[in-house]
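File shown: protein-v2.pdb (PDB, C-alpha atoms).
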MODEL        1
ATOM      1  CA  MET T 243      39.285  20.397 -14.368
ATOM      2  CA  SER T 244      36.339  20.628 -16.724
ATOM      3  CA  ASP T 245      32.995  19.427 -15.426
ATOM      4  CA  LEU T 246      32.796  17.255 -18.527
ATOM      5  CA  MET T 247      35.487  14.985 -17.057
ATOM      6  CA  LYS T 248      33.604  14.323 -13.840
ATOM      7  CA  VAL T 249      31.783  11.004 -13.458
ATOM      8  CA  SER T 250      28.896  10.604 -11.027
ATOM      9  CA  SER T 251      26.727   7.685 -10.024
ATOM     10  CA  ASN T 252      23.381   7.086 -11.663
ATOM     11  CA  PRO T 253      20.802   8.341 -12.337
ATOM     12  CA  HIS T 254      22.424  10.486 -15.032
ATOM     13  CA  ILE T 255      19.130  11.813 -16.409
ATOM     14  CA  ARG T 256      17.008  13.450 -13.739
ATOM     15  CA  ALA T 257      13.354  14.387 -13.836
ATOM     16  CA  LYS T 258      12.054  17.691 -12.535
ATOM     17  CA  SER T 259       9.968  15.932  -9.886
ATOM     18  CA  SER T 260      11.653  15.619  -6.494
ATOM     19  CA  THR T 261      11.041  13.024  -3.800
ATOM     20  CA  SER T 262       9.347  15.624  -1.618
ATOM     21  CA  SER T 263       6.976  16.742  -4.401
ATOM     22  CA  ILE T 264       6.018  13.140  -5.200
ATOM     23  CA  MET T 265       5.426  12.293  -1.547
ATOM     24  CA  ALA T 266       3.451  15.493  -1.021
ATOM     25  CA  ALA T 267       1.219  14.512  -3.941
ATOM     26  CA  VAL T 268       0.645  11.085  -2.363
ATOM     27  CA  VAL T 269      -0.312  12.745   0.925
ATOM     28  CA  ILE T 270      -2.811  14.956  -0.913
ATOM     29  CA  ALA T 271      -4.214  11.915  -2.739
ATOM     30  CA  LEU T 272      -4.723  10.104   0.575
ATOM     31  CA  LEU T 273      -6.651  12.986   2.135
ATOM     32  CA  PRO T 274     -10.076  11.937   0.713
ATOM     33  CA  ALA T 275      -9.744   8.458   2.230
ATOM     34  CA  ALA T 276      -8.406   9.870   5.505
ATOM     35  CA  GLY T 277     -11.098  12.543   5.630
ATOM     36  CA  PHE T 278     -13.884  10.049   5.038
ATOM     37  CA  GLY T 279     -12.386   7.724   7.647
ATOM     38  CA  ILE T 280     -12.547  10.534  10.206
ATOM     39  CA  TYR T 281     -16.114  11.363   9.148
ATOM     40  CA  ASN T 282     -17.107   7.709   9.264
ATOM     41  CA  PHE T 283     -15.465   6.705  12.550
ATOM     42  CA  GLY T 284     -15.165   9.991  14.446
ATOM     43  CA  LEU T 285     -12.499  11.650  16.576
ATOM     44  CA  ASP T 286     -10.800   8.356  17.482
ATOM     45  CA  ALA T 287      -9.789   7.937  13.833
ATOM     46  CA  LEU T 288      -8.234  11.416  13.741
ATOM     47  CA  ILE T 289      -6.278  10.772  16.941
ATOM     48  CA  LEU T 290      -4.967   7.429  15.658
ATOM     49  CA  ILE T 291      -3.902   9.000  12.348
ATOM     50  CA  LEU T 292      -2.081  11.880  14.057
ATOM     51  CA  VAL T 293      -0.332   9.625  16.580
ATOM     52  CA  THR T 294       0.811   7.164  13.897
ATOM     53  CA  VAL T 295       2.140   9.871  11.573
ATOM     54  CA  LEU T 296       3.882  11.615  14.473
ATOM     55  CA  SER T 297       5.538   8.337  15.500
ATOM     56  CA  THR T 298       6.956   7.701  12.011
ATOM     57  CA  VAL T 299       8.272  11.244  11.634
ATOM     58  CA  LEU T 300       9.818  11.343  15.127
ATOM     59  CA  THR T 301      11.403   7.902  14.708
ATOM     60  CA  GLU T 302      13.145   8.984  11.520
ATOM     61  CA  TYR T 303      14.206  12.326  13.023
ATOM     62  CA  ILE T 304      15.596  10.847  16.275
ATOM     63  CA  PHE T 305      17.408   7.983  14.521
ATOM     64  CA  GLU T 306      19.148  10.301  12.054
ATOM     65  CA  LYS T 307      20.003  12.821  14.769
ATOM     66  CA  ILE T 308      21.559  10.158  16.998
ATOM     67  CA  LEU T 309      23.703   8.808  14.153
ATOM     68  CA  GLY T 310      24.620  12.269  12.921
ATOM     69  CA  LYS T 311      23.021  11.720   9.533
ATOM     70  CA  LYS T 312      21.209  14.233   7.376
ATOM     71  CA  VAL T 313      17.642  14.593   8.594
ATOM     72  CA  THR T 314      15.307  13.492   5.780
ATOM     73  CA  ILE T 315      11.862  14.087   7.241
ATOM     74  CA  GLY T 316      11.486  16.973   4.777
ATOM     75  CA  ASP T 317      10.975  14.508   1.920
ATOM     76  CA  TYR T 318       7.592  13.539   3.477
ATOM     77  CA  SER T 319       8.223   9.822   2.979
ATOM     78  CA  ALA T 320       7.811   9.228   6.729
ATOM     79  CA  VAL T 321       4.507  11.118   6.600
ATOM     80  CA  VAL T 322       3.288   8.895   3.763
ATOM     81  CA  THR T 323       4.324   5.763   5.662
ATOM     82  CA  GLY T 324       2.554   6.905   8.824
ATOM     83  CA  LEU T 325      -0.582   7.918   6.956
ATOM     84  CA  LEU T 326      -0.779   4.648   5.013
ATOM     85  CA  LEU T 327      -0.220   2.628   8.181
ATOM     86  CA  ALA T 328      -2.917   4.564  10.046
ATOM     87  CA  LEU T 329      -5.394   4.036   7.224
ATOM     88  CA  ASN T 330      -4.739   0.298   7.533
ATOM     89  CA  LEU T 331      -5.585   0.207  11.242
ATOM     90  CA  PRO T 332      -9.012  -0.440  12.796
ATOM     91  CA  VAL T 333     -10.349   2.594  14.632
ATOM     92  CA  SER T 334     -10.772   0.471  17.772
ATOM     93  CA  ALA T 335      -6.996   0.013  18.028
ATOM     94  CA  PRO T 336      -5.391   1.826  20.988
ATOM     95  CA  TRP T 337      -3.005   4.697  20.261
ATOM     96  CA  TRP T 338       0.067   2.696  21.245
ATOM     97  CA  ILE T 339      -0.574   0.293  18.379
ATOM     98  CA  GLY T 340       0.031   3.217  16.006
ATOM     99  CA  VAL T 341       3.254   4.057  17.852
ATOM    100  CA  ILE T 342       4.610   0.495  17.760
ATOM    101  CA  GLY T 343       3.681   0.142  14.103
ATOM    102  CA  GLY T 344       5.179   3.515  13.196
ATOM    103  CA  VAL T 345       8.486   2.745  14.932
ATOM    104  CA  PHE T 346       8.674  -0.698  13.312
ATOM    105  CA  ALA T 347       7.888   0.658   9.834
ATOM    106  CA  ILE T 348      10.542   3.371   9.924
ATOM    107  CA  LEU T 349      13.247   1.843  12.087
ATOM    108  CA  VAL T 350      13.163  -1.839  11.132
ATOM    109  CA  VAL T 351      11.809  -1.882   7.579
ATOM    110  CA  LYS T 352      13.230   1.417   6.286
ATOM    111  CA  LEU T 353      16.199   2.880   8.186
ATOM    112  CA  LEU T 354      18.017  -0.315   9.186
ATOM    113  CA  PHE T 355      18.125  -1.249   5.491
ATOM    114  CA  GLY T 356      19.646   2.064   4.448
ATOM    115  CA  GLY T 357      16.726   4.478   4.314
ATOM    116  CA  LEU T 358      14.447   5.536   1.484
ATOM    117  CA  GLY T 359      15.213   3.612  -1.679
ATOM    118  CA  GLN T 360      16.888   0.699   0.101
ATOM    119  CA  ASN T 361      13.940  -0.961   1.855
ATOM    120  CA  PHE T 362      12.954  -4.289   0.308
ATOM    121  CA  MET T 363       9.268  -4.108   1.269
ATOM    122  CA  ASN T 364       6.657  -1.427   1.738
ATOM    123  CA  PRO T 365       7.250  -0.080   5.283
ATOM    124  CA  ALA T 366       3.574   0.553   6.066
ATOM    125  CA  LEU T 367       2.515  -2.937   4.977
ATOM    126  CA  GLY T 368       5.510  -4.517   6.694
ATOM    127  CA  ALA T 369       4.411  -2.853   9.925
ATOM    128  CA  ARG T 370       0.781  -3.857   9.415
ATOM    129  CA  CYS T 371       1.731  -7.511   8.920
ATOM    130  CA  PHE T 372       3.936  -7.312  12.028
ATOM    131  CA  LEU T 373       1.007  -5.911  14.021
ATOM    132  CA  LEU T 374      -1.375  -8.548  12.622
ATOM    133  CA  ILE T 375       0.937 -11.316  13.781
ATOM    134  CA  SER T 376       1.776  -9.740  17.157
ATOM    135  CA  PHE T 377      -1.617  -8.278  18.109
ATOM    136  CA  THR T 378      -4.100 -10.353  16.127
ATOM    137  CA  SER T 379      -7.126  -9.768  18.349
ATOM    138  CA  ILE T 380      -6.640  -5.993  18.303
ATOM    139  CA  MET T 381      -5.958  -5.766  14.580
ATOM    140  CA  THR T 382      -9.004  -7.868  13.682
ATOM    141  CA  ASN T 383     -11.449  -6.109  15.991
ATOM    142  CA  PHE T 384     -13.531  -3.722  13.888
ATOM    143  CA  ASP T 385     -16.250  -3.018  16.443
ATOM    144  CA  CYS T 386     -16.703   0.677  17.184
ATOM    145  CA  ASP T 387     -19.428   3.153  18.103
ATOM    146  CA  ALA T 388     -20.617   3.347  14.499
ATOM    147  CA  TYR T 389     -20.474  -0.343  13.525
ATOM    148  CA  THR T 390     -20.453  -3.760  15.148
ATOM    149  CA  GLY T 391     -20.139  -7.245  13.783
ATOM    150  CA  ALA T 392     -18.130  -8.738  10.946
ATOM    151  CA  THR T 393     -16.685  -6.760   8.070
ATOM    152  CA  PRO T 394     -18.454  -7.078   4.690
ATOM    153  CA  LEU T 395     -15.748  -9.395   3.316
ATOM    154  CA  ALA T 396     -15.994 -11.656   6.368
ATOM    155  CA  ALA T 397     -19.773 -11.744   5.952
ATOM    156  CA  LEU T 398     -19.384 -12.470   2.244
ATOM    157  CA  LYS T 399     -16.973 -15.323   2.950
ATOM    158  CA  SER T 400     -19.469 -16.889   5.360
ATOM    159  CA  GLY T 401     -22.190 -16.741   2.712
ATOM    160  CA  GLU T 402     -24.128 -13.773   4.065
ATOM    161  CA  ALA T 403     -25.570 -10.990   1.918
ATOM    162  CA  VAL T 404     -23.794  -7.604   1.890
ATOM    163  CA  ASN T 405     -24.859  -4.096   0.924
ATOM    164  CA  ILE T 406     -22.626  -3.219  -2.022
ATOM    165  CA  PHE T 407     -23.776   0.408  -2.180
ATOM    166  CA  ASN T 408     -22.731   0.967   1.435
ATOM    167  CA  MET T 409     -19.401  -0.660   0.660
ATOM    168  CA  VAL T 410     -18.809   1.666  -2.300
ATOM    169  CA  ILE T 411     -19.569   4.850  -0.395
ATOM    170  CA  GLY T 412     -17.907   3.570   2.775
ATOM    171  CA  LYS T 413     -20.710   3.321   5.333
ATOM    172  CA  THR T 414     -19.429   0.064   6.720
ATOM    173  CA  SER T 415     -16.896  -1.389   9.127
ATOM    174  CA  GLY T 416     -13.250  -1.913   8.267
ATOM    175  CA  THR T 417      -9.953  -0.128   8.705
ATOM    176  CA  ILE T 418      -9.935   3.668   8.793
ATOM    177  CA  GLY T 419      -9.006   4.219   5.155
ATOM    178  CA  GLU T 420     -10.214   1.175   3.271
ATOM    179  CA  THR T 421     -13.990   1.506   3.555
ATOM    180  CA  SER T 422     -14.802   4.176   0.948
ATOM    181  CA  MET T 423     -14.036   2.970  -2.564
ATOM    182  CA  ILE T 424     -15.099   6.373  -3.921
ATOM    183  CA  ALA T 425     -12.637   8.290  -1.729
ATOM    184  CA  ILE T 426      -9.784   5.965  -2.702
ATOM    185  CA  VAL T 427     -10.550   6.235  -6.425
ATOM    186  CA  ILE T 428     -10.689  10.053  -6.187
ATOM    187  CA  GLY T 429      -7.191  10.049  -4.723
ATOM    188  CA  ALA T 430      -5.989   7.528  -7.309
ATOM    189  CA  CYS T 431      -7.316   9.698 -10.150
ATOM    190  CA  PHE T 432      -5.323  12.616  -8.760
ATOM    191  CA  LEU T 433      -2.119  10.548  -8.816
ATOM    192  CA  ILE T 434      -2.805   9.348 -12.358
ATOM    193  CA  MET T 435      -3.591  12.841 -13.676
ATOM    194  CA  THR T 436      -0.432  14.265 -12.104
ATOM    195  CA  GLY T 437       1.666  11.455 -13.589
ATOM    196  CA  ILE T 438       2.773  10.072 -10.224
ATOM    197  CA  ILE T 439       1.448   6.595 -11.070
ATOM    198  CA  ASP T 440       0.039   4.847 -14.130
ATOM    199  CA  LEU T 441      -2.396   1.980 -14.578
ATOM    200  CA  ARG T 442       0.076  -0.798 -15.361
ATOM    201  CA  ILE T 443       0.237  -2.258 -11.858
ATOM    202  CA  PRO T 444      -3.231  -1.318 -10.528
ATOM    203  CA  GLY T 445      -4.936  -2.311 -13.787
ATOM    204  CA  SER T 446      -3.216  -5.687 -14.119
ATOM    205  CA  TYR T 447      -3.748  -6.288 -10.389
ATOM    206  CA  ILE T 448      -7.504  -5.656 -10.500
ATOM    207  CA  VAL T 449      -8.121  -7.460 -13.822
ATOM    208  CA  SER T 450      -6.177 -10.573 -12.792
ATOM    209  CA  PHE T 451      -7.977 -10.603  -9.435
ATOM    210  CA  VAL T 452     -11.389 -10.406 -11.137
ATOM    211  CA  ILE T 453     -10.461 -13.277 -13.469
ATOM    212  CA  PHE T 454      -9.225 -15.394 -10.554
ATOM    213  CA  ILE T 455     -12.349 -14.729  -8.474
ATOM    214  CA  SER T 456     -14.556 -15.554 -11.465
ATOM    215  CA  LEU T 457     -12.782 -18.859 -12.039
ATOM    216  CA  PHE T 458     -12.267 -20.058  -8.468
ATOM    217  CA  GLY T 459     -14.672 -18.059  -6.302
ATOM    218  CA  GLY T 460     -17.492 -20.542  -6.781
ATOM    219  CA  ARG T 461     -19.917 -17.916  -8.152
ATOM    220  CA  GLY T 462     -18.722 -17.609 -11.748
ATOM    221  CA  PHE T 463     -18.859 -14.112 -13.200
ATOM    222  CA  ASP T 464     -21.291 -12.874 -10.566
ATOM    223  CA  TYR T 465     -21.332  -9.084 -10.845
ATOM    224  CA  ALA T 466     -22.525  -8.526  -7.267
ATOM    225  CA  TYR T 467     -19.979 -10.950  -5.822
ATOM    226  CA  ILE T 468     -17.081  -9.429  -7.773
ATOM    227  CA  SER T 469     -18.186  -5.869  -6.960
ATOM    228  CA  ALA T 470     -18.266  -6.703  -3.252
ATOM    229  CA  HIS T 471     -14.725  -8.063  -3.419
ATOM    230  CA  LEU T 472     -13.477  -4.969  -5.241
ATOM    231  CA  ALA T 473     -15.234  -2.523  -2.926
ATOM    232  CA  GLY T 474     -14.421  -4.389   0.270
ATOM    233  CA  GLY T 475     -11.184  -4.662   2.164
ATOM    234  CA  GLY T 476      -7.983  -2.949   1.178
ATOM    235  CA  LEU T 477      -7.776  -4.022  -2.457
ATOM    236  CA  MET T 478      -8.260  -0.554  -3.975
ATOM    237  CA  LEU T 479      -6.056   1.122  -1.371
ATOM    238  CA  GLY T 480      -3.364  -1.483  -1.905
ATOM    239  CA  ALA T 481      -3.578  -1.501  -5.701
ATOM    240  CA  PHE T 482      -3.272   2.269  -6.171
ATOM    241  CA  PHE T 483      -1.251   3.421  -3.168
ATOM    242  CA  MET T 484       0.986   0.566  -1.977
ATOM    243  CA  ALA T 485       1.575  -1.761  -4.910
ATOM    244  CA  THR T 486       2.722   1.291  -6.912
ATOM    245  CA  ASP T 487       5.414   2.249  -4.376
ATOM    246  CA  TYR T 488       8.423   3.350  -6.446
ATOM    247  CA  VAL T 489      10.959   1.594  -4.226
ATOM    248  CA  THR T 490       9.381  -1.838  -3.968
ATOM    249  CA  ARG T 491       7.808  -2.258  -7.419
ATOM    250  CA  PRO T 492       9.658  -3.535 -10.526
ATOM    251  CA  ILE T 493      11.349  -0.917 -12.697
ATOM    252  CA  THR T 494      10.789  -2.760 -15.989
ATOM    253  CA  VAL T 495       7.544  -2.233 -17.904
ATOM    254  CA  LYS T 496       6.954  -5.950 -18.462
ATOM    255  CA  GLY T 497       7.888  -6.583 -14.858
ATOM    256  CA  GLN T 498       5.197  -4.202 -13.642
ATOM    257  CA  TYR T 499       2.540  -6.138 -15.540
ATOM    258  CA  VAL T 500       3.873  -9.440 -14.186
ATOM    259  CA  TYR T 501       3.952  -7.955 -10.696
ATOM    260  CA  GLY T 502       0.351  -6.745 -10.937
ATOM    261  CA  ILE T 503      -0.859 -10.118 -12.208
ATOM    262  CA  LEU T 504       1.022 -11.882  -9.413
ATOM    263  CA  LEU T 505      -0.606  -9.650  -6.799
ATOM    264  CA  GLY T 506      -4.065 -10.313  -8.237
ATOM    265  CA  ILE T 507      -3.535 -14.078  -8.139
ATOM    266  CA  LEU T 508      -2.072 -14.048  -4.620
ATOM    267  CA  THR T 509      -4.894 -11.881  -3.289
ATOM    268  CA  GLY T 510      -7.428 -14.227  -4.889
ATOM    269  CA  ILE T 511      -5.742 -17.270  -3.339
ATOM    270  CA  PHE T 512      -5.709 -15.715   0.122
ATOM    271  CA  ARG T 513      -9.334 -14.565  -0.082
ATOM    272  CA  VAL T 514     -10.830 -17.697  -1.631
ATOM    273  CA  PHE T 515      -8.767 -20.475  -0.077
ATOM    274  CA  GLY T 516      -7.275 -18.837   3.024
ATOM    275  CA  PRO T 517      -8.853 -18.681   6.488
ATOM    276  CA  SER T 518      -8.962 -14.873   6.409
ATOM    277  CA  SER T 519     -11.306 -12.801   4.260
ATOM    278  CA  GLU T 520      -8.476 -10.385   3.401
ATOM    279  CA  GLY T 521      -5.096 -10.935   1.770
ATOM    280  CA  VAL T 522      -3.934  -7.700   0.129
ATOM    281  CA  SER T 523      -1.195  -6.933   2.660
ATOM    282  CA  TYR T 524       0.382 -10.381   2.479
ATOM    283  CA  ALA T 525       0.067 -10.466  -1.307
ATOM    284  CA  ILE T 526       1.953  -7.187  -1.733
ATOM    285  CA  ILE T 527       4.637  -8.149   0.796
ATOM    286  CA  LEU T 528       5.240 -11.462  -1.011
ATOM    287  CA  GLY T 529       5.256  -9.580  -4.312
ATOM    288  CA  ASN T 530       7.876  -7.188  -2.917
ATOM    289  CA  LEU T 531      10.122 -10.127  -2.059
ATOM    290  CA  LEU T 532       9.840 -11.472  -5.610
ATOM    291  CA  VAL T 533      10.571  -8.152  -7.338
ATOM    292  CA  PRO T 534      14.320  -8.913  -7.888
ATOM    293  CA  LEU T 535      13.405 -12.143  -9.680
ATOM    294  CA  ILE T 536      10.725 -10.408 -11.735
ATOM    295  CA  GLU T 537      13.156  -7.692 -12.800
ATOM    296  CA  LYS T 538      15.815 -10.249 -13.690
ATOM    297  CA  ALA T 539      13.365 -12.196 -15.855
ATOM    298  CA  THR T 540      11.946  -9.104 -17.586
ATOM    299  CA  LEU T 541      15.101  -7.039 -18.063
ATOM    300  CA  PRO T 542      15.368  -6.031 -21.748
ATOM    301  CA  THR T 543      18.261  -7.477 -23.718
ATOM    302  CA  ALA T 544      21.017  -4.905 -24.053
ATOM    303  CA  PHE T 545      21.753  -3.653 -27.588
ATOM    304  CA  GLY T 546      24.318  -5.921 -29.212
ATOM    305  CA  LYS T 547      23.956  -8.650 -26.583
ATOM    306  CA  GLY T 548      22.245 -11.423 -28.451
ATOM    307  CA  GLY T 549      19.269  -9.455 -29.680
ATOM    308  CA  ALA T 550      17.666 -10.063 -33.028
ATOM    309  CA  ARG T 551      19.755  -8.861 -35.962
ATOM    310  CA  ALA T 552      18.309  -6.578 -38.574
TER     311      ALA T 552
ENDMDL
END

Show this structure as structure tokens.
Amino acid sequence: MSDLMKVSSNPHIRAKSSTSSIMAAVVIALLPAAGFGIYNFGLDALILILVTVLSTVLTEYIFEKILGKKVTIGDYSAVVTGLLLALNLPVSAPWWIGVIGGVFAILVVKLLFGGLGQNFMNPALGARCFLLISFTSIMTNFDCDAYTGATPLAALKSGEAVNIFNMVIGKTSGTIGETSMIAIVIGACFLIMTGIIDLRIPGSYIVSFVIFISLFGGRGFDYAYISAHLAGGGLMLGAFFMATDYVTRPITVKGQYVYGILLGILTGIFRVFGPSSEGVSYAIILGNLLVPLIEKATLPTAFGKGGARA
């Protein structure tokens, strides 16, 4: 039979980029943030990163081997999940926190829902929220050999002054990968230049967050206050590396703008009105859950189905 008579499932038009090449590019883009985290916090950060990545890769490998499925660790998606999760952990966390989080991210959030492409939320953020709920004291302890005391965002929320320059370069407390705004932006620029991501979601996320903070933060358009919020916490890491996740973001162009705006508003609500000084993780998880509704509302009208007539 001619190949022209064969019908396959979508997608029917395929790009040259493969899953493994995209994930490898994300790993490369995360290296500046990971490298600075190791420089900033020392050997403990390196150990926690390695243990967390190893746990995600081994979990995927063992699960697929036991069930007799094709082993998919070669697509590097488990590596990306482990690296993102590690960068969202405080360096003071014990190694077993990385293991528990890695197993939860891959087994519960990813594999039990069908594997890559079927998970309904970002696995790394799902695991981080699980760890925050289950081990709150560990996940909110940012004291280490290099830094002690509250994070800059916590200090800002309590009305204390913060050093914005230190926050931009990363010489401050926080999770392993969120402290250096410069390192995160370098990685984001790499993803943008290689065409892996665009600015629709990150741009609308950051702009809507700035507007919300200006209106409801109690400081008006205070440049120093807004800069501290942008440089502190996981906003930049979340906006460029987790909100842009291909699986859990909307596929429609309008939907991506709506999604970014929603994340900016939610993050602003959590930071301004919530008890915690952070909010990026919960904002993105809630946004993930609303993606089906966003796509349904922003799906273009099919040709000939009630569209405007010429």

On this structure, the PyMOL selection byres ((chain T and resi 331-333) around 7) would catch which residues? List them as an mmCIF file with C-alpha atoms, in the frame of the given file, sorted by chain and number.
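The result, written out as selection-v2.cif:
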data_model
loop_
_atom_site.group_PDB
_atom_site.id
_atom_site.type_symbol
_atom_site.label_atom_id
_atom_site.label_comp_id
_atom_site.auth_asym_id
_atom_site.auth_seq_id
_atom_site.Cartn_x
_atom_site.Cartn_y
_atom_site.Cartn_z
ATOM 1 C CA PHE T 283 -15.465 6.705 12.550
ATOM 2 C CA ASP T 286 -10.800 8.356 17.482
ATOM 3 C CA ALA T 287 -9.789 7.937 13.833
ATOM 4 C CA LEU T 327 -0.220 2.628 8.181
ATOM 5 C CA ALA T 328 -2.917 4.564 10.046
ATOM 6 C CA LEU T 329 -5.394 4.036 7.224
ATOM 7 C CA ASN T 330 -4.739 0.298 7.533
ATOM 8 C CA SER T 334 -10.772 0.471 17.772
ATOM 9 C CA ALA T 335 -6.996 0.013 18.028
ATOM 10 C CA MET T 381 -5.958 -5.766 14.580
ATOM 11 C CA ASN T 383 -11.449 -6.109 15.991
ATOM 12 C CA PHE T 384 -13.531 -3.722 13.888
ATOM 13 C CA GLY T 416 -13.250 -1.913 8.267
ATOM 14 C CA THR T 417 -9.953 -0.128 8.705
ATOM 15 C CA ILE T 418 -9.935 3.668 8.793
#

Please write as a ChimeraX atom specification the full residue list that the PyMOL selection byres ((chain T and resi 351-359) around 10) yields on this file. /T:261,301-302,305-306,314,317,319-320,323,345-350,360-369,488-490

Only C-alpha atoms, please: the residues just picked out, written as an mmCIF file, keeping the file's coordinate frame.
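Generated file (result_36.cif):
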data_model
loop_
_atom_site.group_PDB
_atom_site.id
_atom_site.type_symbol
_atom_site.label_atom_id
_atom_site.label_comp_id
_atom_site.auth_asym_id
_atom_site.auth_seq_id
_atom_site.Cartn_x
_atom_site.Cartn_y
_atom_site.Cartn_z
ATOM 1 C CA THR T 261 11.041 13.024 -3.800
ATOM 2 C CA THR T 301 11.403 7.902 14.708
ATOM 3 C CA GLU T 302 13.145 8.984 11.520
ATOM 4 C CA PHE T 305 17.408 7.983 14.521
ATOM 5 C CA GLU T 306 19.148 10.301 12.054
ATOM 6 C CA THR T 314 15.307 13.492 5.780
ATOM 7 C CA ASP T 317 10.975 14.508 1.920
ATOM 8 C CA SER T 319 8.223 9.822 2.979
ATOM 9 C CA ALA T 320 7.811 9.228 6.729
ATOM 10 C CA THR T 323 4.324 5.763 5.662
ATOM 11 C CA VAL T 345 8.486 2.745 14.932
ATOM 12 C CA PHE T 346 8.674 -0.698 13.312
ATOM 13 C CA ALA T 347 7.888 0.658 9.834
ATOM 14 C CA ILE T 348 10.542 3.371 9.924
ATOM 15 C CA LEU T 349 13.247 1.843 12.087
ATOM 16 C CA VAL T 350 13.163 -1.839 11.132
ATOM 17 C CA GLN T 360 16.888 0.699 0.101
ATOM 18 C CA ASN T 361 13.940 -0.961 1.855
ATOM 19 C CA PHE T 362 12.954 -4.289 0.308
ATOM 20 C CA MET T 363 9.268 -4.108 1.269
ATOM 21 C CA ASN T 364 6.657 -1.427 1.738
ATOM 22 C CA PRO T 365 7.250 -0.080 5.283
ATOM 23 C CA ALA T 366 3.574 0.553 6.066
ATOM 24 C CA LEU T 367 2.515 -2.937 4.977
ATOM 25 C CA GLY T 368 5.510 -4.517 6.694
ATOM 26 C CA ALA T 369 4.411 -2.853 9.925
ATOM 27 C CA TYR T 488 8.423 3.350 -6.446
ATOM 28 C CA VAL T 489 10.959 1.594 -4.226
ATOM 29 C CA THR T 490 9.381 -1.838 -3.968
#

Quick one: which residues end up in the PyMOL selection byres ((chain T and resi 390-400) around 10) for this structure, as a ChimeraX atom specification? /T:382-389,401-406,408-409,414-417,421,459,467,470-475,513-514,517-520

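Atom CA of Ile280 of chain T sits 15.6 Å away from atom CA of Pro336 of chain T.
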
Which residue out of T:Ala481, T:Val295, T:Ile527, T:Ala266 has the minimum interatomic distance to Tyr318 of chain T when all atoms listed in the file are used? T:Ala266

Take atom CA of Ala485 of chain T and atom CA of Gln498 of chain T and report the distance between them in Å, one decimal. 9.8 Å

From the list T:Ser297, T:Leu373, T:Leu532, T:Leu477, which residue is nearest Val449 of chain T when using all atoms listed in the file? T:Leu477

Excluding Gly445 of chain T and any residue of its chain fewer than 6 positions from it, enumerate the residues within 9 Å of it, using only C-alpha atoms, and give them as a PyMOL selection string. chain T and resi 481+499+502-503
